[in-house]
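K.L.:
The following block contains the structure, expressed as structure tokens.
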Amino acid sequence: MSTRPYVLASAAVSLDGYLDDTSDRRLLLSNEEDFARVDDERAGVDAILVGAGTIRTDNPRLLVRSGRGNPAKVTITGSGDLDPSANFFTTGDVEKLVYAPAAAVPKVRERLGAVATVVDGGDPLDLRRVLADLADRGIERLMVEGGGAVHTMFLTAGVVDELQLAVAPVFVGEAEAPRFVGPGRFPPGRLHLTETRRIGDVVFMRYHLGQAARDHRRLREAIELAEKCPPSTTFRVGAIVVNAADEVLATGYSGETDPHDHAEEVAIAKLGDADLTGATIYSSLEPCSSRASRAVSCTQHILNAGIPRVVFAWREPNLFVDCVGAETLRAAGREVRELPDLATLVKATNAHLPLGD
Ligand SMILES: NC(=O)C1=CN([C@@H]2O[C@H](COP(=O)(O)OP(=O)(O)OC[C@H]3O[C@@H](n4cnc5c(N)ncnc54)[C@H](OP(=O)(O)O)[C@@H]3O)[C@@H](O)[C@H]2O)C=CC1
Ligand SMILES: Nc1c(N[C@@H]2O[C@H](COP(=O)(O)O)[C@@H](O)[C@H]2O)[nH]c(=O)[nH]c1=O
């Protein structure tokens, strides 16, 4: 079971590393196309978090403009100095959560209790406790949109899995303007760069950190493995099982020994009596939860084998069956991570299927 959500930090920065200028007007660093990308990211998360400073400065709504998702809104405050009529609280029919240090909770609840759920975040506020509480509330994927104090806090606490930066072609040049991050002890070493993209005049960069970086590397390998699948009229999938030390225990791909083979069942069948404590199975596609060709689903094989962690890229589209693999595994207490930025590669391997768009 996840003890915290997958945390995706997102920011748009100037060439000199600022989030905003010092004027009263909000500085738009993203261009229209990049704001659409941010909207897509928002549509794919369960909650969006900004600091109280951002609510006071920007008065954001934090809604999905395209109407495709319904993420909850989350903020952090020590002072409780937030206006209950701010857009954060008044727009969107979604849950609003305010985390405050224990000592401040009564005051914050008095001010904001009618428009939000005020939660004790520990004394002093403990980020891991906040994240554990969000996980308990069903938040699997959290997008942290800033501002600078919040990005610094999350990154220096080592709880960011993915960082998305959009660099805009402008200088701010004001010493008093908010920077992307302040000083602190950040994760050591170089981050794992997983994507760069030109979006008009903006450069988009995606990085993965820590375990998420290891997951990204292994999942790409599983996706590449699917290229070995023989021609098929069903999904072409690759799977890799690693132990707690990230050593490969077994691999498999669809149709490896028989046309009905699924990648996960092939890999699991090769495991023998390997120690699966802390093991992870990487599968390019969400493990199936029911199937026509054989009696036991891959979700059930994973549960039977006792593999505690599952990482996949693409939610199974409702082409053959209605898949509930991820939900079933989570309900059984397994940690499930989805890396949807790799789904495009899996779709390309499955271009033979009638998938629509
Ligand atoms: N370009 C971009 O992508 C973005 C830009 N921005 C910009 O960033 C700026 C705001 O950034 P910034 O001023 O750093 O503010 P933040 O949004 O990071 O919020 C900081 C506030 O969060 C609360 N907080 C932080 N840590 C704690 C803690 N440990 N315990 C309790 N409360 C805590 C405090 O609230 P309190 O003071 O109430 O106690 C603090 O003042 C704005 O100018 C905004 O426009 C913001 C988001 C994205
Ligand atoms: N200025 C800026 C961002 N600002 C973020 O967007 C929030 C406003 O959201 P909304 O009210 O929903 O439009 C704002 O508070 C801050 O978190 N984001 C970006 O990707 N690029 C940008 O250039």
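Each chain in the structure tokens gets a letter, A, B, ..., in the order shown, and its residues are numbered from 1; ligands are numbered from 1 in order too.
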Report as JSON lines the residues of chain A within 9 Å of ligand 2, each with its shortest atom pair and distance in Å (one decimal), using only C-alpha atoms and all ligand atoms, ordered by chain and increasing residue number.
P.N.:
{"residue": "A:Ser10", "atom": "CA", "partner": "ligand 2", "partner_atom_place_in_ligand_line": "20 (O)", "distance": 6.9}
{"residue": "A:Ala11", "atom": "CA", "partner": "ligand 2", "partner_atom_place_in_ligand_line": "20 (O)", "distance": 5.5}
{"residue": "A:Ala12", "atom": "CA", "partner": "ligand 2", "partner_atom_place_in_ligand_line": "21 (N)", "distance": 4.5}
{"residue": "A:Val13", "atom": "CA", "partner": "ligand 2", "partner_atom_place_in_ligand_line": "23 (O)", "distance": 7.3}
{"residue": "A:Ser14", "atom": "CA", "partner": "ligand 2", "partner_atom_place_in_ligand_line": "23 (O)", "distance": 9.0}
{"residue": "A:Leu19", "atom": "CA", "partner": "ligand 2", "partner_atom_place_in_ligand_line": "1 (N)", "distance": 7.0}
{"residue": "A:Asp20", "atom": "CA", "partner": "ligand 2", "partner_atom_place_in_ligand_line": "1 (N)", "distance": 7.0}
{"residue": "A:Arg26", "atom": "CA", "partner": "ligand 2", "partner_atom_place_in_ligand_line": "1 (N)", "distance": 6.6}
{"residue": "A:Leu27", "atom": "CA", "partner": "ligand 2", "partner_atom_place_in_ligand_line": "1 (N)", "distance": 5.6}
{"residue": "A:Leu28", "atom": "CA", "partner": "ligand 2", "partner_atom_place_in_ligand_line": "23 (O)", "distance": 4.0}
{"residue": "A:Leu29", "atom": "CA", "partner": "ligand 2", "partner_atom_place_in_ligand_line": "23 (O)", "distance": 3.4}
{"residue": "A:Ser30", "atom": "CA", "partner": "ligand 2", "partner_atom_place_in_ligand_line": "23 (O)", "distance": 3.9}
{"residue": "A:Asn31", "atom": "CA", "partner": "ligand 2", "partner_atom_place_in_ligand_line": "23 (O)", "distance": 7.2}
{"residue": "A:Asp34", "atom": "CA", "partner": "ligand 2", "partner_atom_place_in_ligand_line": "20 (O)", "distance": 7.1}
{"residue": "A:Phe35", "atom": "CA", "partner": "ligand 2", "partner_atom_place_in_ligand_line": "20 (O)", "distance": 5.9}
{"residue": "A:Arg37", "atom": "CA", "partner": "ligand 2", "partner_atom_place_in_ligand_line": "20 (O)", "distance": 8.4}
{"residue": "A:Val38", "atom": "CA", "partner": "ligand 2", "partner_atom_place_in_ligand_line": "20 (O)", "distance": 5.7}
{"residue": "A:Asp39", "atom": "CA", "partner": "ligand 2", "partner_atom_place_in_ligand_line": "12 (O)", "distance": 8.5}
{"residue": "A:Leu49", "atom": "CA", "partner": "ligand 2", "partner_atom_place_in_ligand_line": "17 (O)", "distance": 8.4}
{"residue": "A:Val50", "atom": "CA", "partner": "ligand 2", "partner_atom_place_in_ligand_line": "17 (O)", "distance": 6.2}
{"residue": "A:Gly51", "atom": "CA", "partner": "ligand 2", "partner_atom_place_in_ligand_line": "17 (O)", "distance": 8.6}
{"residue": "A:Thr54", "atom": "CA", "partner": "ligand 2", "partner_atom_place_in_ligand_line": "15 (O)", "distance": 5.4}
{"residue": "A:Ile55", "atom": "CA", "partner": "ligand 2", "partner_atom_place_in_ligand_line": "15 (O)", "distance": 6.4}
{"residue": "A:Thr57", "atom": "CA", "partner": "ligand 2", "partner_atom_place_in_ligand_line": "15 (O)", "distance": 7.7}
{"residue": "A:Asp58", "atom": "CA", "partner": "ligand 2", "partner_atom_place_in_ligand_line": "15 (O)", "distance": 5.0}
{"residue": "A:Asn59", "atom": "CA", "partner": "ligand 2", "partner_atom_place_in_ligand_line": "15 (O)", "distance": 6.5}
{"residue": "A:Pro60", "atom": "CA", "partner": "ligand 2", "partner_atom_place_in_ligand_line": "11 (O)", "distance": 3.2}
{"residue": "A:Arg61", "atom": "CA", "partner": "ligand 2", "partner_atom_place_in_ligand_line": "11 (O)", "distance": 3.9}
{"residue": "A:Leu62", "atom": "CA", "partner": "ligand 2", "partner_atom_place_in_ligand_line": "12 (O)", "distance": 3.6}
{"residue": "A:Leu63", "atom": "CA", "partner": "ligand 2", "partner_atom_place_in_ligand_line": "12 (O)", "distance": 5.2}
{"residue": "A:Val64", "atom": "CA", "partner": "ligand 2", "partner_atom_place_in_ligand_line": "12 (O)", "distance": 7.2}
{"residue": "A:Arg65", "atom": "CA", "partner": "ligand 2", "partner_atom_place_in_ligand_line": "12 (O)", "distance": 7.5}
{"residue": "A:Asn87", "atom": "CA", "partner": "ligand 2", "partner_atom_place_in_ligand_line": "11 (O)", "distance": 7.9}
{"residue": "A:Phe88", "atom": "CA", "partner": "ligand 2", "partner_atom_place_in_ligand_line": "11 (O)", "distance": 8.2}
{"residue": "A:Val144", "atom": "CA", "partner": "ligand 2", "partner_atom_place_in_ligand_line": "17 (O)", "distance": 8.3}
{"residue": "A:Glu145", "atom": "CA", "partner": "ligand 2", "partner_atom_place_in_ligand_line": "17 (O)", "distance": 4.7}
{"residue": "A:Gly146", "atom": "CA", "partner": "ligand 2", "partner_atom_place_in_ligand_line": "17 (O)", "distance": 5.6}
{"residue": "A:Gly147", "atom": "CA", "partner": "ligand 2", "partner_atom_place_in_ligand_line": "17 (O)", "distance": 6.6}
{"residue": "A:Leu165", "atom": "CA", "partner": "ligand 2", "partner_atom_place_in_ligand_line": "20 (O)", "distance": 8.4}
{"residue": "A:Ala166", "atom": "CA", "partner": "ligand 2", "partner_atom_place_in_ligand_line": "20 (O)", "distance": 7.2}
{"residue": "A:Ala168", "atom": "CA", "partner": "ligand 2", "partner_atom_place_in_ligand_line": "23 (O)", "distance": 8.1}
K.L.:
Please save N, CA and C atoms of the selected residues as a short mmCIF file (atom, residue, chain, number, x, y, z; two decimals), in the first residue's frame.
P.N.:
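Generated file (result.cif):
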data_model
loop_
_atom_site.label_atom_id
_atom_site.label_comp_id
_atom_site.auth_asym_id
_atom_site.auth_seq_id
_atom_site.Cartn_x
_atom_site.Cartn_y
_atom_site.Cartn_z
N SER A 10 5.29 20.88 -10.54
CA SER A 10 5.21 21.55 -11.85
C SER A 10 5.40 23.04 -11.68
N ALA A 11 6.24 23.63 -12.55
CA ALA A 11 6.43 25.08 -12.49
C ALA A 11 6.80 25.62 -13.86
N ALA A 12 6.44 26.87 -14.09
CA ALA A 12 6.93 27.60 -15.25
C ALA A 12 7.92 28.64 -14.72
N VAL A 13 9.08 28.71 -15.34
CA VAL A 13 10.12 29.62 -14.84
C VAL A 13 10.65 30.51 -15.96
N SER A 14 11.18 31.67 -15.55
CA SER A 14 11.85 32.55 -16.51
C SER A 14 13.26 32.02 -16.77
N LEU A 19 9.65 32.60 -10.70
CA LEU A 19 8.28 32.11 -10.89
C LEU A 19 7.32 33.24 -11.25
N ASP A 20 7.73 34.46 -10.97
CA ASP A 20 6.82 35.61 -11.10
C ASP A 20 7.70 36.86 -11.03
N ARG A 26 -0.34 39.03 -12.49
CA ARG A 26 0.25 37.69 -12.55
C ARG A 26 1.08 37.55 -13.83
N LEU A 27 2.30 37.10 -13.70
CA LEU A 27 3.17 36.94 -14.87
C LEU A 27 2.87 35.60 -15.54
N LEU A 28 2.43 35.65 -16.79
CA LEU A 28 2.16 34.40 -17.52
C LEU A 28 3.45 33.98 -18.21
N LEU A 29 4.05 32.94 -17.70
CA LEU A 29 5.29 32.44 -18.28
C LEU A 29 4.98 31.39 -19.35
N SER A 30 3.99 30.56 -19.10
CA SER A 30 3.57 29.58 -20.11
C SER A 30 2.92 30.32 -21.27
N ASN A 31 2.97 29.70 -22.45
CA ASN A 31 2.15 30.19 -23.57
C ASN A 31 0.85 29.36 -23.60
N ASP A 34 1.30 25.65 -23.75
CA ASP A 34 1.84 25.06 -22.52
C ASP A 34 0.76 25.03 -21.43
N PHE A 35 -0.08 26.06 -21.37
CA PHE A 35 -1.19 26.00 -20.40
C PHE A 35 -2.11 24.81 -20.70
N ARG A 37 -1.07 21.97 -21.92
CA ARG A 37 -0.33 20.82 -21.39
C ARG A 37 -0.54 20.71 -19.88
N VAL A 38 -0.45 21.87 -19.19
CA VAL A 38 -0.65 21.86 -17.73
C VAL A 38 -2.06 21.37 -17.42
N ASP A 39 -3.01 21.79 -18.25
CA ASP A 39 -4.40 21.36 -18.04
C ASP A 39 -4.51 19.83 -18.19
N LEU A 49 -1.94 20.88 -5.29
CA LEU A 49 -1.55 21.61 -4.07
C LEU A 49 -0.78 22.87 -4.44
N VAL A 50 -1.16 23.99 -3.81
CA VAL A 50 -0.34 25.21 -3.86
C VAL A 50 -0.21 25.74 -2.44
N GLY A 51 0.83 26.54 -2.20
CA GLY A 51 1.00 27.15 -0.89
C GLY A 51 0.05 28.32 -0.70
N THR A 54 0.70 31.47 -2.79
CA THR A 54 0.18 31.50 -4.17
C THR A 54 -1.30 31.86 -4.18
N ILE A 55 -2.05 31.37 -3.20
CA ILE A 55 -3.49 31.72 -3.15
C ILE A 55 -3.63 33.23 -2.93
N THR A 57 -1.41 35.62 -3.68
CA THR A 57 -0.88 36.42 -4.79
C THR A 57 -1.68 36.25 -6.08
N ASP A 58 -2.02 34.99 -6.41
CA ASP A 58 -2.62 34.71 -7.74
C ASP A 58 -4.13 34.55 -7.71
N ASN A 59 -4.69 34.28 -6.55
CA ASN A 59 -6.11 33.93 -6.45
C ASN A 59 -6.50 32.87 -7.49
N PRO A 60 -5.78 31.72 -7.54
CA PRO A 60 -6.03 30.73 -8.59
C PRO A 60 -7.32 29.96 -8.36
N ARG A 61 -7.88 29.43 -9.46
CA ARG A 61 -9.07 28.57 -9.36
C ARG A 61 -8.65 27.11 -9.24
N LEU A 62 -7.54 26.76 -9.94
CA LEU A 62 -7.01 25.38 -9.91
C LEU A 62 -8.04 24.34 -10.39
N LEU A 63 -8.75 24.70 -11.44
CA LEU A 63 -9.72 23.76 -12.02
C LEU A 63 -9.14 23.20 -13.31
N VAL A 64 -9.73 22.11 -13.79
CA VAL A 64 -9.35 21.59 -15.10
C VAL A 64 -10.24 22.29 -16.11
N ARG A 65 -9.62 23.14 -16.92
CA ARG A 65 -10.43 23.97 -17.83
C ARG A 65 -11.20 23.12 -18.83
N ASN A 87 -10.91 32.35 -4.85
CA ASN A 87 -11.34 31.37 -5.86
C ASN A 87 -11.04 29.93 -5.46
N PHE A 88 -9.94 29.74 -4.76
CA PHE A 88 -9.55 28.39 -4.32
C PHE A 88 -10.72 27.71 -3.61
N VAL A 144 1.92 19.31 -7.46
CA VAL A 144 2.30 20.45 -6.64
C VAL A 144 2.66 21.59 -7.59
N GLU A 145 1.87 22.66 -7.57
CA GLU A 145 2.08 23.74 -8.54
C GLU A 145 2.82 24.93 -7.95
N GLY A 146 3.36 24.81 -6.74
CA GLY A 146 4.16 25.92 -6.20
C GLY A 146 3.47 26.59 -5.05
N GLY A 147 3.95 27.79 -4.70
CA GLY A 147 5.05 28.54 -5.31
C GLY A 147 6.41 28.11 -4.79
N LEU A 165 9.25 21.19 -15.68
CA LEU A 165 9.63 22.61 -15.75
C LEU A 165 9.37 23.12 -17.16
N ALA A 166 8.69 24.25 -17.25
CA ALA A 166 8.53 24.93 -18.53
C ALA A 166 9.36 26.21 -18.45
N ALA A 168 10.41 29.71 -19.90
CA ALA A 168 9.89 30.73 -20.81
C ALA A 168 11.01 31.69 -21.22
#
K.L.:
Could you produce a table of the residues of stretch 273-318 of chain A lying within 7 Å of stretch 235-255 of chain A, with the nearest pair of atoms per residue and their separation in Å rounded to one decimal, using only C-alpha atoms, ordered by chain and increasing residue number, as a tab-separated table?
P.N.:
residue	atom	partner	partner_atom	distance
A:Leu276	CA	A:Asn243	CA	6.1
A:Thr277	CA	A:Ala244	CA	6.7
A:Gly278	CA	A:Ala244	CA	4.5
A:Ala279	CA	A:Asn243	CA	4.2
A:Thr280	CA	A:Val242	CA	5.5
A:Ile281	CA	A:Val241	CA	4.3
A:Tyr282	CA	A:Ile240	CA	5.1
A:Ser283	CA	A:Ala239	CA	4.3
A:Ser284	CA	A:Gly238	CA	5.7
A:Leu285	CA	A:Val237	CA	6.2
K.L.:
If you measure from atom CA of A:Asp123 to atom CA of A:Pro5, what distance in Å do you get, rounded to one decimal?
P.N.:
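Taking atom CA of A:Asp123 and atom CA of A:Pro5, their separation equals 21.4 Å.
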K.L.:
Based on DSSP run over this structure's backbone, return all residues of stretch 214-282 of chain A in helix (DSSP H, G or I), as a count of residues only.
P.N.:
22
K.L.:
Determine the nearest neighbour of A:Thr3 from the options A:Ile76, A:Ala348, A:Leu112, A:Val130, counting only C-alpha atoms.
P.N.:
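Checking each candidate against A:Thr3, we get A:Val130 as the closest.
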K.L.:
I need the residue nearest ligand 1 from this list: A:Asp215, A:Asp24, A:Glu195, A:Glu162. Use only C-alpha atoms and all ligand atoms for the distance.
P.N.:
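Using only C-alpha atoms and all ligand atoms, ligand 1 sits closest to A:Asp24.
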K.L.:
Between A:Leu142, A:Arg315, A:Lys270, A:Phe320, which residue has the minimum interatomic distance to A:Ser293, considering only C-alpha atoms?
P.N.:
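Ranked by minimum distance to A:Ser293, first place goes to A:Phe320.
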K.L.:
Report, in Å to a single decimal, how far apart atom CA of A:Val115 and atom CA of A:Thr90 are.
P.N.:
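Computing the Euclidean distance for atom CA of A:Thr90 and atom CA of A:Val115 yields 7.6 Å.
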K.L.:
So, counting only C-alpha atoms, which residue among A:Glu286, A:Asp136, A:Glu174, A:Asp201 is closest to A:Asn318?
P.N.:
A:Glu286
K.L.:
Have a look at A:Leu329, A:His216, A:Ser232, A:Val118 and name the one nearest to A:Thr194; count only C-alpha atoms.
P.N.:
A:His216
K.L.:
Counting only C-alpha atoms, what is within 10 Å of A:Gly113, bar same-chain residues fewer than 6 positions away, as a PDB file with C-alpha atoms, in the first residue's frame?
P.N.:
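And here is the file that came out, result09.pdb:
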ATOM      1  CA  PRO A  84     -12.667  32.374   2.461  1.00  0.00           C
ATOM      2  CA  LEU A  97      -8.244  20.627   2.083  1.00  0.00           C
ATOM      3  CA  VAL A  98      -6.216  23.015   4.240  1.00  0.00           C
ATOM      4  CA  VAL A 105      -5.735  24.457  13.588  1.00  0.00           C
ATOM      5  CA  PRO A 106      -8.408  26.073  15.871  1.00  0.00           C
ATOM      6  CA  LYS A 107      -7.780  29.533  14.412  1.00  0.00           C
ATOM      7  CA  VAL A 119      -6.547  19.117   8.838  1.00  0.00           C
TER       8      VAL A 119
END
K.L.:
Pick out the residues sitting within 10 Å of A:Met205, and hand them over as a PyMOL selection string; count only C-alpha atoms, and ignore anything fewer than 2 positions along from it in its own chain.
P.N.:
chain A and resi 163-167+193-198+202-203+207
K.L.:
Give the answer as one residue: which of A:Ser23, A:Ser289, A:Thr152, A:Ser79 has the shortest atom-to-atom distance to ligand 1, using only C-alpha atoms and all ligand atoms?
P.N.:
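Between A:Ser23, A:Ser289, A:Thr152, A:Ser79, the residue approaching ligand 1 most closely is A:Ser79.
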